Amino acid sequence: MATNPKAPPKTPLPVPATHTKLFETLVELIRVTSTNLPPDVRQSVTTALEKEKTGTAGEYAMKVIQRNIDIACGVSQPLCQDTGSILFFVKTPVGYDQITFSEVCEAAVAKATELGYLRQNSVDSITGQNSGNNLGPGTPTIYFEQHRSEDLDVRLALKGGGCENVGAQYSLPDSRLGAGRDLEGVRKVVLDAVYQAQGKGCGPGILGVVIGGDRSTGFSYSKKLFLRLMEDTSSDERLAELEQRIMLEANSLGIGPMGFGGNTTVLGVKIAALNRLPASFFVSVSYMCWAFRRQGVKADSAGAIKEWLYT
Amino acid sequence: MREIKLTLPMTEEQVRLLKVGDMVLLSGVMFTGRDAVHKHLFEGKSIPVDISGSAIYHCGPVVVKAENGEWSVRAAGPTTSTREEPYQATVIEKYGIRAVIGKGGMGSKTLTACKDFGCVYLHAVGGAAQVLAETVKKVRGVSMLEEFGSPEAIWELEVVDFPALVTIDAHGNSLHAEIAASSEQRLAEVLGPKK
């Protein structure tokens with residue numbers, strides 16, 4: 001059998017002169033996201049540290065985590081060496097050229113990799129060859145939508161492999177867990193996902209949960225939920241209640257920071273619902289590690305930053 | 001929680017004194033080794049460094065070379081250890097290592113090898129790449145760099161007060177097994193009876 005030829009490495013296209021500002025903005029967005037956790041996440045980490053008993057392994061893990069966050073920001077280096085999946089969530093004005101945006105975005109990713117803000121993290125699944133610049137089929141991921149505004153809204157989340165590996169998708173009913181097609185069933189499977197993850201997802205984690213959709217829309221929307229602020233709750237009262245209940249019950253499992261045991265197993269729970277087919281009832285659970293790297297900018301149509309979105 | 005300072009390499013007696021839950025601060029020389037290295041050692045192939053008595057660290061560090069030729073470590077957090085579960089017991093037995101450092105814990109084969117041959121599993125805090133990189137004072141050398149590439153190479157790191165928690169000791173105890181059991185029991189309570 002012939003071996004697969006190695007795919008030629010993908011090199012970014014030159015950045016057009018009209019887009020140099022956008023290119024700079026995207027490189028800076030990647031640097032800040034990789035090295036500096038946003039204030040709402042830092043606040044959650046501080047609260048979690050305060051909740052652990054003095055002298056326990058859980059407190060010890062939270063102290064190391066907090067120190068790591070401070071050092072990374074001070075030296076402007078990636079706070080975790082796994083800079084993870086690169087997920088862009090972009091809103092553009094109506095009629096904006098998204099093709100050029102994608103090309104500039106790829107150039108920015110390659111540059112940020114060269115500068116060491118991103119690890120070389122894109123591997124050919126057949127040959128095992130690392131592309132070396134984070135570009136290749138499927139990497140980076142850019143989700144586009146249009147909005148009725150003159151500005152660009154660009155958000156980025158970096159999600160490490162350890163936490164991605166503990167994500168789970170359930171199809172209800174689930175007889176192993178006795179979980180039916182209702183919110184009570186959803187509660188059961190989400191708690192099971194937290195139990196299964198133990199400390200392997202670098203907890204305390206943040207859960208993005210989508211009820212319904214199909215296998216792909218459920219998972220992709222569950223990641224979009226990481227754009228919500230730590231302190232917010234679902235605008236749907238039933239889901240807000242479920243978020244709070246799962247958070248309390250997950251923390252009562254005692255898995256604790258890094259699975260060392262302790263009071264905080266999850267820092268937050270975000271739930272949303274999509275319509276489903278009558279035949280399907282998926283619950284998609286994405287787990288984000290404590291190194292919850294997400295940031296965003298509002299920029300003018302040329303790409304100049306107007307404001308940072310998580311400050 | 002006890003805080004214990006240890007110097008690598010260690011003796012079997014020193015290792016047997018450690019208990020699950022002890023916080024250790026390691027100083028001395030440790031070696032990185034992840035997937036490629038474990039497979040290589042498991043197959044009985046030789047390496048150019050003597051790792052007996054020392055620690056193997058599941059880590060693919062970010063290392064840069066300065067103009068004067070010195071290496072420096074920029075980020076050095078642990079990677080998930082379970083991938084080495086098929087190999088680790090053999091590596092512990094054949095190469096006489098006294099500590100395995102990583103994250104996420106390991107399974108029963110490694111637990112048994114730790115007990116039989118006098119080794120511990122030390123859990124570093126996942127994601128804490130900067131805290132851990134700070135403890136690396138010098139890169140003493142690197143082996144298998146050409147063959148395996150930088151993240152998979154054997155980096156010989158001189159560390160001072162590298163922090164980790166004993167989660168598998170040399171007496172058959174595992175914090176991972178304990179937490180899994182207690183959280184499973186609690187999970188059954190919060191889920192309630194199956195309908």
# chains A, B, ... in the order shown; residues from 1 in each chain; ligands from 1
call {"tool": "residues_around", "arguments": {"residues": "Gly296 (chain A)", "least_positions_apart": "6", "cutoff": "8 Å", "atoms": "only C-alpha atoms", "output": "ChimeraX atom specification"}}
result
/A:29,153-156,308-310
call {"tool": "write_last_selection", "arguments": {"atoms": "N, CA and C atoms", "output": "mmCIF file, in the first residue's frame"}}
result
data_model
loop_
_atom_site.group_PDB
_atom_site.id
_atom_site.type_symbol
_atom_site.label_atom_id
_atom_site.label_comp_id
_atom_site.auth_asym_id
_atom_site.auth_seq_id
_atom_site.Cartn_x
_atom_site.Cartn_y
_atom_site.Cartn_z
ATOM 1 N N LEU A 29 -3.974 40.393 20.483
ATOM 2 C CA LEU A 29 -5.066 39.645 21.131
ATOM 3 C C LEU A 29 -4.578 38.252 21.547
ATOM 4 N N ASP A 153 -16.046 42.574 16.183
ATOM 5 C CA ASP A 153 -16.027 42.034 17.546
ATOM 6 C C ASP A 153 -15.278 40.704 17.432
ATOM 7 N N VAL A 154 -14.050 40.670 17.953
ATOM 8 C CA VAL A 154 -13.209 39.481 17.800
ATOM 9 C C VAL A 154 -12.891 38.911 19.170
ATOM 10 N N ARG A 155 -13.313 37.691 19.416
ATOM 11 C CA ARG A 155 -13.044 37.042 20.703
ATOM 12 C C ARG A 155 -12.242 35.780 20.464
ATOM 13 N N LEU A 156 -11.383 35.461 21.426
ATOM 14 C CA LEU A 156 -10.496 34.309 21.281
ATOM 15 C C LEU A 156 -10.515 33.485 22.565
ATOM 16 N N TRP A 308 -11.056 46.699 24.857
ATOM 17 C CA TRP A 308 -10.912 45.309 25.241
ATOM 18 C C TRP A 308 -12.215 44.864 25.886
ATOM 19 N N LEU A 309 -12.617 43.630 25.635
ATOM 20 C CA LEU A 309 -13.965 43.220 26.030
ATOM 21 C C LEU A 309 -14.054 42.554 27.399
ATOM 22 N N TYR A 310 -12.943 42.063 27.893
ATOM 23 C CA TYR A 310 -13.003 41.450 29.229
ATOM 24 C C TYR A 310 -11.990 42.175 30.116
#
call {"tool": "residues_around", "arguments": {"residues": "Arg293 (chain A)", "least_positions_apart": "5", "cutoff": "8 Å", "atoms": "only C-alpha atoms", "output": "PyMOL selection string"}}
result
chain A and resi 33-34+36-38+157-159
call {"tool": "interface_residues", "arguments": {"of": "chain A", "to": "chain B", "cutoff": "8 Å", "atoms": "only C-alpha atoms", "output": "mmCIF file with N, CA and C atoms, in the first residue's frame"}}
result
data_model
loop_
_atom_site.group_PDB
_atom_site.id
_atom_site.type_symbol
_atom_site.label_atom_id
_atom_site.label_comp_id
_atom_site.auth_asym_id
_atom_site.auth_seq_id
_atom_site.Cartn_x
_atom_site.Cartn_y
_atom_site.Cartn_z
ATOM 1 N N GLY A 55 -3.758 24.496 54.728
ATOM 2 C CA GLY A 55 -2.906 23.321 54.923
ATOM 3 C C GLY A 55 -3.329 22.087 54.145
ATOM 4 N N THR A 56 -4.364 22.221 53.306
ATOM 5 C CA THR A 56 -4.802 21.045 52.533
ATOM 6 C C THR A 56 -4.143 21.047 51.154
ATOM 7 N N ALA A 57 -4.226 19.884 50.493
ATOM 8 C CA ALA A 57 -3.675 19.763 49.142
ATOM 9 C C ALA A 57 -4.442 20.664 48.168
ATOM 10 N N ALA A 61 -2.781 23.513 45.765
ATOM 11 C CA ALA A 61 -2.928 23.602 44.301
ATOM 12 C C ALA A 61 -3.402 24.995 43.896
ATOM 13 N N VAL A 64 -0.576 27.554 44.051
ATOM 14 C CA VAL A 64 0.358 27.436 42.912
ATOM 15 C C VAL A 64 -0.281 28.048 41.660
ATOM 16 N N ILE A 65 -1.573 27.750 41.478
ATOM 17 C CA ILE A 65 -2.305 28.282 40.320
ATOM 18 C C ILE A 65 -2.295 29.810 40.335
ATOM 19 N N ARG A 67 -0.227 31.827 41.863
ATOM 20 C CA ARG A 67 1.122 32.357 41.632
ATOM 21 C C ARG A 67 1.488 32.260 40.152
ATOM 22 N N ASN A 68 1.085 31.166 39.539
ATOM 23 C CA ASN A 68 1.382 30.976 38.123
ATOM 24 C C ASN A 68 0.729 32.057 37.252
ATOM 25 N N ILE A 71 2.832 35.240 37.669
ATOM 26 C CA ILE A 71 4.144 35.209 37.007
ATOM 27 C C ILE A 71 3.981 35.347 35.492
ATOM 28 N N ALA A 72 3.045 34.562 34.922
ATOM 29 C CA ALA A 72 2.865 34.556 33.458
ATOM 30 C C ALA A 72 2.585 35.957 32.945
ATOM 31 N N GLN A 77 4.624 35.547 29.290
ATOM 32 C CA GLN A 77 4.855 34.220 28.713
ATOM 33 C C GLN A 77 3.573 33.399 28.860
ATOM 34 N N PRO A 78 3.377 32.393 27.996
ATOM 35 C CA PRO A 78 2.158 31.578 28.089
ATOM 36 C C PRO A 78 1.977 31.003 29.499
ATOM 37 N N LEU A 79 0.781 31.147 30.054
ATOM 38 C CA LEU A 79 0.640 30.681 31.434
ATOM 39 C C LEU A 79 0.593 29.172 31.510
ATOM 40 N N CYS A 80 0.186 28.524 30.417
ATOM 41 C CA CYS A 80 0.326 27.065 30.337
ATOM 42 C C CYS A 80 1.035 26.766 29.024
ATOM 43 N N GLN A 81 1.936 25.755 29.051
ATOM 44 C CA GLN A 81 2.673 25.483 27.812
ATOM 45 C C GLN A 81 1.775 24.888 26.741
ATOM 46 N N ASP A 82 0.630 24.321 27.138
ATOM 47 C CA ASP A 82 -0.322 23.869 26.123
ATOM 48 C C ASP A 82 -1.246 25.038 25.792
ATOM 49 N N GLY A 162 -5.703 18.727 27.618
ATOM 50 C CA GLY A 162 -6.108 17.942 28.791
ATOM 51 C C GLY A 162 -7.590 18.106 29.078
ATOM 52 N N LEU A 177 -27.145 5.720 33.741
ATOM 53 C CA LEU A 177 -27.284 6.740 34.781
ATOM 54 C C LEU A 177 -28.740 6.948 35.191
ATOM 55 N N GLY A 178 -29.657 6.256 34.530
ATOM 56 C CA GLY A 178 -31.075 6.479 34.817
ATOM 57 C C GLY A 178 -31.473 7.908 34.472
ATOM 58 N N ALA A 179 -30.925 8.409 33.363
ATOM 59 C CA ALA A 179 -31.172 9.801 32.976
ATOM 60 C C ALA A 179 -32.165 9.864 31.825
ATOM 61 N N LYS A 188 -28.143 14.802 35.696
ATOM 62 C CA LYS A 188 -27.425 13.552 35.994
ATOM 63 C C LYS A 188 -26.212 13.356 35.092
ATOM 64 N N LEU A 191 -23.306 15.864 35.864
ATOM 65 C CA LEU A 191 -22.566 15.483 37.086
ATOM 66 C C LEU A 191 -21.695 14.251 36.826
ATOM 67 N N ASP A 192 -22.191 13.345 35.995
ATOM 68 C CA ASP A 192 -21.376 12.176 35.647
ATOM 69 C C ASP A 192 -20.112 12.609 34.897
ATOM 70 N N TYR A 195 -17.641 13.846 37.347
ATOM 71 C CA TYR A 195 -17.060 12.706 38.074
ATOM 72 C C TYR A 195 -16.025 11.987 37.196
ATOM 73 N N GLN A 198 -12.619 13.696 36.896
ATOM 74 C CA GLN A 198 -11.755 13.748 38.093
ATOM 75 C C GLN A 198 -10.820 14.963 37.974
ATOM 76 N N GLY A 199 -9.513 14.766 38.200
ATOM 77 C CA GLY A 199 -8.602 15.911 38.095
ATOM 78 C C GLY A 199 -7.942 16.034 36.739
ATOM 79 N N LYS A 200 -8.328 15.159 35.794
ATOM 80 C CA LYS A 200 -7.589 15.067 34.530
ATOM 81 C C LYS A 200 -7.763 16.280 33.609
ATOM 82 N N GLY A 201 -8.813 17.055 33.852
ATOM 83 C CA GLY A 201 -9.032 18.232 33.013
ATOM 84 C C GLY A 201 -8.429 19.502 33.587
ATOM 85 N N CYS A 202 -7.506 19.355 34.560
ATOM 86 C CA CYS A 202 -6.909 20.515 35.238
ATOM 87 C C CYS A 202 -7.972 21.416 35.854
ATOM 88 N N GLU A 249 -23.761 20.894 43.444
ATOM 89 C CA GLU A 249 -23.622 19.443 43.555
ATOM 90 C C GLU A 249 -22.265 18.951 43.050
ATOM 91 N N SER A 252 -19.852 19.480 45.649
ATOM 92 C CA SER A 252 -20.025 18.568 46.790
ATOM 93 C C SER A 252 -19.362 17.207 46.536
ATOM 94 N N LEU A 253 -18.940 16.951 45.300
ATOM 95 C CA LEU A 253 -18.283 15.662 45.008
ATOM 96 C C LEU A 253 -16.909 15.573 45.667
ATOM 97 N N GLY A 254 -16.335 16.731 45.979
ATOM 98 C CA GLY A 254 -15.060 16.733 46.721
ATOM 99 C C GLY A 254 -13.842 16.391 45.895
ATOM 100 N N ILE A 255 -13.952 16.439 44.567
ATOM 101 C CA ILE A 255 -12.796 16.120 43.709
ATOM 102 C C ILE A 255 -11.710 17.180 43.887
ATOM 103 N N MET A 258 -7.266 20.139 40.849
ATOM 104 C CA MET A 258 -6.368 19.121 40.284
ATOM 105 C C MET A 258 -6.734 17.694 40.692
ATOM 106 N N GLY A 259 -7.936 17.511 41.273
ATOM 107 C CA GLY A 259 -8.320 16.181 41.752
ATOM 108 C C GLY A 259 -7.639 15.809 43.048
ATOM 109 N N PHE A 260 -7.112 16.812 43.773
ATOM 110 C CA PHE A 260 -6.424 16.562 45.048
ATOM 111 C C PHE A 260 -7.405 16.464 46.219
ATOM 112 N N GLY A 261 -8.696 16.662 45.955
ATOM 113 C CA GLY A 261 -9.682 16.733 47.028
ATOM 114 C C GLY A 261 -9.842 18.179 47.455
ATOM 115 N N ALA A 291 -7.066 27.283 33.585
ATOM 116 C CA ALA A 291 -6.318 28.234 32.749
ATOM 117 C C ALA A 291 -7.235 28.687 31.620
#
call {"tool": "residues_around", "arguments": {"residues": "Cys114 (chain B)", "least_positions_apart": "3", "cutoff": "12 Å", "atoms": "only C-alpha atoms", "output": "PyMOL selection string"}}
result
chain B and resi 12+15-16+18+88-93+96-100+106-111+117-122+166-174
call {"tool": "write_last_selection", "arguments": {"atoms": "C-alpha atoms", "output": "PDB file, in the first residue's frame"}}
result
ATOM      1  CA  GLU B  12      14.907   3.557  48.211  1.00  0.00           C
ATOM      2  CA  VAL B  15      11.312   7.088  48.936  1.00  0.00           C
ATOM      3  CA  ARG B  16       9.686   4.627  51.342  1.00  0.00           C
ATOM      4  CA  LEU B  18       7.051   9.374  51.726  1.00  0.00           C
ATOM      5  CA  GLN B  88       5.805   3.062  33.272  1.00  0.00           C
ATOM      6  CA  ALA B  89       6.032  -0.068  35.418  1.00  0.00           C
ATOM      7  CA  THR B  90       8.762  -1.538  33.197  1.00  0.00           C
ATOM      8  CA  VAL B  91      10.664   1.753  33.150  1.00  0.00           C
ATOM      9  CA  ILE B  92      10.529   1.930  36.966  1.00  0.00           C
ATOM     10  CA  GLU B  93      11.767  -1.633  37.294  1.00  0.00           C
ATOM     11  CA  GLY B  96      15.608   2.167  38.827  1.00  0.00           C
ATOM     12  CA  ILE B  97      13.919   5.550  38.850  1.00  0.00           C
ATOM     13  CA  ARG B  98      12.668   6.709  42.250  1.00  0.00           C
ATOM     14  CA  ALA B  99      10.033   9.225  41.206  1.00  0.00           C
ATOM     15  CA  VAL B 100       7.642   9.775  38.324  1.00  0.00           C
ATOM     16  CA  MET B 106      -1.607   6.803  36.994  1.00  0.00           C
ATOM     17  CA  GLY B 107      -3.196   3.375  37.152  1.00  0.00           C
ATOM     18  CA  SER B 108      -2.815   0.128  39.004  1.00  0.00           C
ATOM     19  CA  LYS B 109       0.198  -1.212  37.090  1.00  0.00           C
ATOM     20  CA  THR B 110       2.259   1.835  38.050  1.00  0.00           C
ATOM     21  CA  LEU B 111       0.912   1.723  41.607  1.00  0.00           C
ATOM     22  CA  PHE B 117      10.445  -1.392  43.426  1.00  0.00           C
ATOM     23  CA  GLY B 118      10.351   1.688  45.679  1.00  0.00           C
ATOM     24  CA  CYS B 119       9.095   4.608  43.607  1.00  0.00           C
ATOM     25  CA  VAL B 120       6.558   7.427  44.051  1.00  0.00           C
ATOM     26  CA  TYR B 121       4.271   9.363  41.729  1.00  0.00           C
ATOM     27  CA  LEU B 122       4.540  13.088  42.254  1.00  0.00           C
ATOM     28  CA  VAL B 166       2.844  12.700  46.537  1.00  0.00           C
ATOM     29  CA  THR B 167      -0.319  11.134  45.129  1.00  0.00           C
ATOM     30  CA  ILE B 168       0.935   7.535  44.788  1.00  0.00           C
ATOM     31  CA  ASP B 169       3.356   6.309  47.440  1.00  0.00           C
ATOM     32  CA  ALA B 170       5.543   3.201  47.707  1.00  0.00           C
ATOM     33  CA  HIS B 171       3.066   1.485  50.057  1.00  0.00           C
ATOM     34  CA  GLY B 172       0.197   0.894  47.639  1.00  0.00           C
ATOM     35  CA  ASN B 173      -1.718   4.091  48.445  1.00  0.00           C
ATOM     36  CA  SER B 174      -3.164   6.349  45.757  1.00  0.00           C
TER      37      SER B 174
END
call {"tool": "residues_around", "arguments": {"residues": "Phe148 (chain B)", "least_positions_apart": "6", "cutoff": "10 Å", "atoms": "only C-alpha atoms", "output": "PyMOL selection string"}}
result
chain B and resi 35-37+154
call {"tool": "closest_residue", "arguments": {"among": "B:Ile47, B:Leu6, B:Ile101, B:Met30", "to": "Val139 (chain B)", "atoms": "only C-alpha atoms"}}
result
B:Met30
call {"tool": "atom_distance", "arguments": {"atom1": "CA of Leu135 (chain A)", "atom2": "CA of Asn121 (chain A)"}}
result
8.9 Å
call {"tool": "select_by_dssp", "arguments": {"residues": "region 71-192 of chain B", "states": "strand (DSSP E or B)", "output": "PyMOL selection string"}}
result
chain B and resi 71-75+80+99-103+120-123+136-143+154-168+174
call {"tool": "residues_around", "arguments": {"residues": "Ile30 (chain A)", "least_positions_apart": "5", "cutoff": "9 Å", "atoms": "only C-alpha atoms", "output": "ChimeraX atom specification"}}
result
/A:25,35,108-109,112,117-118,156,158,295
call {"tool": "closest_residue", "arguments": {"among": "B:Ala66, B:Ala55, B:Ala113, B:Val29", "to": "Glu156 (chain B)", "atoms": "only C-alpha atoms"}}
result
B:Val29
call {"tool": "select_by_dssp", "arguments": {"residues": "region 82-194 of chain B", "states": "helix (DSSP H, G or I)", "output": "count of residues only"}}
result
51
call {"tool": "atom_distance", "arguments": {"atom1": "CA of Ser149 (chain A)", "atom2": "CA of Ser216 (chain A)"}}
result
28.3 Å
call {"tool": "atom_distance", "arguments": {"atom1": "CA of Arg176 (chain A)", "atom2": "CA of Gly218 (chain A)"}}
result
21.6 Å
call {"tool": "residues_around", "arguments": {"residues": "Asp161 (chain B)", "least_positions_apart": "2", "cutoff": "7 Å", "atoms": "only C-alpha atoms", "output": "number ranges by chain"}}
result
B: 25-27, 135, 159, 163
call {"tool": "closest_residue", "arguments": {"among": "B:Ala181, B:Asp116, B:Ala153, B:Val73", "to": "Lys138 (chain B)", "atoms": "only C-alpha atoms"}}
result
B:Val73
call {"tool": "residues_around", "arguments": {"residues": "Phe219 (chain A)", "least_positions_apart": "3", "cutoff": "12 Å", "atoms": "only C-alpha atoms", "output": "MDAnalysis selection string"}}
result
chainID A and resid 164 167:170 207:216 222:226 271:274 282:287
call {"tool": "decode", "arguments": {"residues": "region 71-100 of chain B", "atoms": "N, CA and C atoms", "output": "mmCIF file, in the first residue's frame"}}
result
data_model
loop_
_atom_site.group_PDB
_atom_site.id
_atom_site.type_symbol
_atom_site.label_atom_id
_atom_site.label_comp_id
_atom_site.auth_asym_id
_atom_site.auth_seq_id
_atom_site.Cartn_x
_atom_site.Cartn_y
_atom_site.Cartn_z
ATOM 1 N N TRP B 71 21.009 26.657 26.972
ATOM 2 C CA TRP B 71 19.570 26.441 26.858
ATOM 3 C C TRP B 71 18.875 27.109 28.032
ATOM 4 N N SER B 72 17.664 27.634 27.799
ATOM 5 C CA SER B 72 16.876 28.062 28.962
ATOM 6 C C SER B 72 15.418 27.645 28.789
ATOM 7 N N VAL B 73 14.823 27.277 29.920
ATOM 8 C CA VAL B 73 13.464 26.741 29.919
ATOM 9 C C VAL B 73 12.461 27.873 30.091
ATOM 10 N N ARG B 74 11.533 27.990 29.143
ATOM 11 C CA ARG B 74 10.540 29.070 29.177
ATOM 12 C C ARG B 74 9.209 28.641 29.800
ATOM 13 N N ALA B 75 8.869 27.373 29.660
ATOM 14 C CA ALA B 75 7.610 26.869 30.215
ATOM 15 C C ALA B 75 7.806 25.375 30.433
ATOM 16 N N ALA B 76 7.382 24.891 31.604
ATOM 17 C CA ALA B 76 7.692 23.487 31.927
ATOM 18 C C ALA B 76 6.630 22.849 32.818
ATOM 19 N N GLY B 77 5.391 22.888 32.371
ATOM 20 C CA GLY B 77 4.335 22.232 33.138
ATOM 21 C C GLY B 77 4.241 20.753 32.780
ATOM 22 N N PRO B 78 3.545 19.968 33.621
ATOM 23 C CA PRO B 78 3.411 18.529 33.383
ATOM 24 C C PRO B 78 2.399 18.230 32.281
ATOM 25 N N THR B 79 2.578 17.105 31.612
ATOM 26 C CA THR B 79 1.583 16.625 30.660
ATOM 27 C C THR B 79 0.850 15.433 31.288
ATOM 28 N N THR B 80 -0.245 15.008 30.681
ATOM 29 C CA THR B 80 -1.074 13.938 31.231
ATOM 30 C C THR B 80 -0.300 12.616 31.275
ATOM 31 N N SER B 81 -0.249 12.008 32.459
ATOM 32 C CA SER B 81 0.606 10.841 32.677
ATOM 33 C C SER B 81 0.033 9.527 32.192
ATOM 34 N N THR B 82 -1.286 9.417 32.109
ATOM 35 C CA THR B 82 -1.876 8.099 31.837
ATOM 36 C C THR B 82 -1.417 7.500 30.521
ATOM 37 N N ARG B 83 -0.966 8.355 29.603
ATOM 38 C CA ARG B 83 -0.487 7.817 28.324
ATOM 39 C C ARG B 83 0.713 6.896 28.518
ATOM 40 N N GLU B 84 1.438 7.064 29.616
ATOM 41 C CA GLU B 84 2.626 6.239 29.867
ATOM 42 C C GLU B 84 2.312 5.003 30.719
ATOM 43 N N GLU B 85 1.048 4.853 31.079
ATOM 44 C CA GLU B 85 0.673 3.720 31.936
ATOM 45 C C GLU B 85 1.136 2.352 31.382
ATOM 46 N N PRO B 86 1.015 2.096 30.068
ATOM 47 C CA PRO B 86 1.468 0.781 29.586
ATOM 48 C C PRO B 86 2.969 0.554 29.770
ATOM 49 N N TYR B 87 3.765 1.618 29.845
ATOM 50 C CA TYR B 87 5.223 1.500 29.865
ATOM 51 C C TYR B 87 5.853 1.722 31.242
ATOM 52 N N GLN B 88 5.143 2.513 32.082
ATOM 53 C CA GLN B 88 5.805 3.062 33.272
ATOM 54 C C GLN B 88 6.357 1.998 34.220
ATOM 55 N N ALA B 89 5.591 0.950 34.451
ATOM 56 C CA ALA B 89 6.032 -0.068 35.418
ATOM 57 C C ALA B 89 7.377 -0.664 35.001
ATOM 58 N N THR B 90 7.509 -0.967 33.713
ATOM 59 C CA THR B 90 8.762 -1.538 33.197
ATOM 60 C C THR B 90 9.916 -0.547 33.344
ATOM 61 N N VAL B 91 9.626 0.715 33.054
ATOM 62 C CA VAL B 91 10.664 1.753 33.150
ATOM 63 C C VAL B 91 11.123 1.903 34.610
ATOM 64 N N ILE B 92 10.185 1.839 35.537
ATOM 65 C CA ILE B 92 10.529 1.930 36.966
ATOM 66 C C ILE B 92 11.430 0.751 37.342
ATOM 67 N N GLU B 93 11.030 -0.431 36.909
ATOM 68 C CA GLU B 93 11.767 -1.633 37.294
ATOM 69 C C GLU B 93 13.161 -1.671 36.654
ATOM 70 N N LYS B 94 13.217 -1.464 35.347
ATOM 71 C CA LYS B 94 14.482 -1.656 34.624
ATOM 72 C C LYS B 94 15.486 -0.542 34.811
ATOM 73 N N TYR B 95 15.002 0.684 35.011
ATOM 74 C CA TYR B 95 15.934 1.815 35.050
ATOM 75 C C TYR B 95 16.101 2.377 36.455
ATOM 76 N N GLY B 96 15.398 1.795 37.423
ATOM 77 C CA GLY B 96 15.608 2.167 38.827
ATOM 78 C C GLY B 96 15.276 3.605 39.168
ATOM 79 N N ILE B 97 14.272 4.173 38.496
ATOM 80 C CA ILE B 97 13.919 5.550 38.850
ATOM 81 C C ILE B 97 13.141 5.553 40.165
ATOM 82 N N ARG B 98 13.285 6.624 40.921
ATOM 83 C CA ARG B 98 12.668 6.709 42.250
ATOM 84 C C ARG B 98 11.441 7.604 42.284
ATOM 85 N N ALA B 99 11.232 8.387 41.240
ATOM 86 C CA ALA B 99 10.033 9.225 41.206
ATOM 87 C C ALA B 99 9.584 9.432 39.763
ATOM 88 N N VAL B 100 8.265 9.438 39.600
ATOM 89 C CA VAL B 100 7.642 9.775 38.324
ATOM 90 C C VAL B 100 6.857 11.049 38.586
#
